[in-house]
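Participant: Input: one structure, supplied below.
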Amino acid sequence: VSAAGRVRTVATCEEGGFFGLAISPDGSMLFEADFDTHKIRRVEVATGAVTAIAGSGENGDADGVGDAAQFCSPVGLALSPDGRALFVADCGSDKVRRVEVLNGAVTTLAGCGRRGGTDGAGNTARFHAPIGIAMSPDGSALFVTDFSGHKIRRVEVVGRAVTTLAGKGWGSADGVSKSAQLSFPGGVAMSA
């Protein structure tokens, strides 16, 4: 949708279920998380060309490059301020993943792959269906909605420390930090 309200189709894809979207800083590329086919795709805005940059299409959680990597129902996407790294809330694997935009190399930033709500560094942390993800303006931290864990988590990009910012379980109680209760938080956004 343009500033004037003009709507145009940039690309279509017959397969999959698109959830997360992120756009490059210069607006030339759009990235999408394909929940159903377990892939991350890049769309060239000018031409509409669609290319899978990561994911084999098989359900899994393997790190690797391009189609050697696997995702399990990826949902949320956040792009680093410089546009070089894409961060994925990989819902089914209970992990936060990093994709290098240039070559499609996928690494696990946080999460061990077992459901839970444990804070910790890297693969010692546990998530329960992460779906929403946003990046801090300076690119130092990610904010992740832990949908079935009923929490909002912070993940440090360097050091990979995961901490719970809000939520201690299902509910709707206001409060500070872990005294608040959330009910299936979905999206998350950062203010500038």
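Scheme for the structure tokens: letters A, B, ... for chains in order shown; per-chain residue numbers from 1; ligand numbers from 1 in order shown.
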Quick one: DSSP strand (DSSP E or B) residues in range 17-132 of chain A, as a ChimeraX atom specification?

Facilitator: /A:18-23,29-34,39-44,50-54,59,64-65,71,74-79,85-90,95-100,105-110,120-121,130-132

Participant: Within 8 Å of range 132-137 of chain A, counting only C-alpha atoms, which residues show up once you throw out same-chain ones fewer than 5 positions away? Write them as JSON, numbers by chain, please.

Facilitator: {"A": [75, 76, 77, 78, 79, 80, 81, 87, 88, 89, 142, 143, 144, 145, 146, 186, 187, 188, 189, 190, 192]}

Participant: Give me, as a compact mmCIF listing (two decimals) with all heavy atoms, in the first residue's frame, all polymer residues having an atom no more than 9 Å from range 154-158 of chain A, counting only C-alpha atoms and skipping those fewer than 6 positions away in the same chain.

Facilitator:
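After the write, part12.txt holds the following:
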# COMPACT_ATOMS: atom_id res chain seq x y z
N VAL A 96 14.56 -19.34 18.99
CA VAL A 96 14.75 -18.10 18.25
C VAL A 96 15.96 -18.35 17.36
O VAL A 96 17.03 -18.73 17.85
CB VAL A 96 14.98 -16.90 19.18
CG1 VAL A 96 15.30 -15.65 18.37
CG2 VAL A 96 13.75 -16.68 20.06
N LEU A 109 19.86 -18.95 18.01
CA LEU A 109 20.29 -17.90 18.92
C LEU A 109 19.93 -18.27 20.36
O LEU A 109 20.73 -18.10 21.27
CB LEU A 109 19.66 -16.57 18.53
CG LEU A 109 20.08 -15.35 19.32
CD1 LEU A 109 21.55 -15.03 19.06
CD2 LEU A 109 19.21 -14.16 18.97
N ALA A 110 18.72 -18.79 20.56
CA ALA A 110 18.26 -19.11 21.92
C ALA A 110 17.20 -20.19 21.86
O ALA A 110 16.44 -20.28 20.90
CB ALA A 110 17.72 -17.87 22.61
N ALA A 121 21.14 -18.50 29.11
CA ALA A 121 21.88 -18.09 27.92
C ALA A 121 21.77 -19.14 26.83
O ALA A 121 21.90 -20.34 27.10
CB ALA A 121 23.34 -17.84 28.27
N GLY A 122 21.52 -18.69 25.61
CA GLY A 122 21.53 -19.57 24.45
C GLY A 122 20.65 -20.79 24.59
O GLY A 122 19.44 -20.68 24.82
N GLY A 139 19.57 -2.64 17.67
CA GLY A 139 19.93 -3.98 17.23
C GLY A 139 20.56 -4.86 18.29
O GLY A 139 21.02 -5.96 17.99
N SER A 140 20.53 -4.44 19.54
CA SER A 140 21.20 -5.21 20.59
C SER A 140 20.32 -6.29 21.22
O SER A 140 20.84 -7.23 21.82
CB SER A 140 21.71 -4.29 21.69
OG SER A 140 20.62 -3.68 22.37
N ALA A 141 19.01 -6.14 21.11
CA ALA A 141 18.10 -7.09 21.79
C ALA A 141 16.87 -7.37 20.95
O ALA A 141 16.43 -6.55 20.15
CB ALA A 141 17.68 -6.52 23.15
N LEU A 142 16.33 -8.56 21.18
CA LEU A 142 15.07 -8.98 20.58
C LEU A 142 14.04 -9.10 21.69
O LEU A 142 14.37 -9.46 22.82
CB LEU A 142 15.23 -10.33 19.89
CG LEU A 142 16.18 -10.36 18.71
CD1 LEU A 142 16.63 -11.78 18.43
CD2 LEU A 142 15.53 -9.74 17.49
N PHE A 143 12.79 -8.84 21.34
CA PHE A 143 11.68 -9.00 22.27
C PHE A 143 10.74 -10.02 21.65
O PHE A 143 10.33 -9.86 20.51
CB PHE A 143 11.02 -7.66 22.55
CG PHE A 143 11.99 -6.71 23.19
CD1 PHE A 143 12.83 -5.92 22.42
CD2 PHE A 143 12.12 -6.67 24.57
CE1 PHE A 143 13.76 -5.08 23.00
CE2 PHE A 143 13.05 -5.84 25.17
CZ PHE A 143 13.87 -5.04 24.38
N VAL A 144 10.46 -11.08 22.40
CA VAL A 144 9.77 -12.25 21.86
C VAL A 144 8.53 -12.53 22.69
O VAL A 144 8.59 -12.57 23.92
CB VAL A 144 10.70 -13.49 21.89
CG1 VAL A 144 9.99 -14.72 21.35
CG2 VAL A 144 11.99 -13.21 21.11
N THR A 164 12.98 -12.99 31.26
CA THR A 164 11.54 -12.73 31.19
C THR A 164 11.30 -11.29 31.60
O THR A 164 11.69 -10.87 32.68
CB THR A 164 10.77 -13.69 32.11
OG1 THR A 164 11.01 -15.03 31.66
CG2 THR A 164 9.28 -13.40 32.09
N LEU A 165 10.64 -10.53 30.71
CA LEU A 165 10.30 -9.14 31.01
C LEU A 165 8.96 -9.02 31.71
O LEU A 165 8.78 -8.20 32.59
CB LEU A 165 10.26 -8.30 29.73
CG LEU A 165 11.57 -7.98 29.07
CD1 LEU A 165 11.34 -7.13 27.84
CD2 LEU A 165 12.51 -7.28 30.03

Participant: Can you pull out every residue from chain A that DSSP, working from the backbone, puts in helix (DSSP H, G or I), and format the result as a list in words?

Facilitator: Gly66, Asp67, Ala68, Cys91, Gly92, Ser93, Gly122, Asn123, Thr124, Ser177, Lys178 and Ser179 of chain A

Participant: Write out as a list in words the residues lying within 7 Å of Leu21 in chain A, counting only C-alpha atoms and excluding same-chain residues fewer than 3 positions away.

Facilitator: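 The residues satisfying every condition are Leu30, Phe31, Glu32, Ala33 and Leu77 of chain A.
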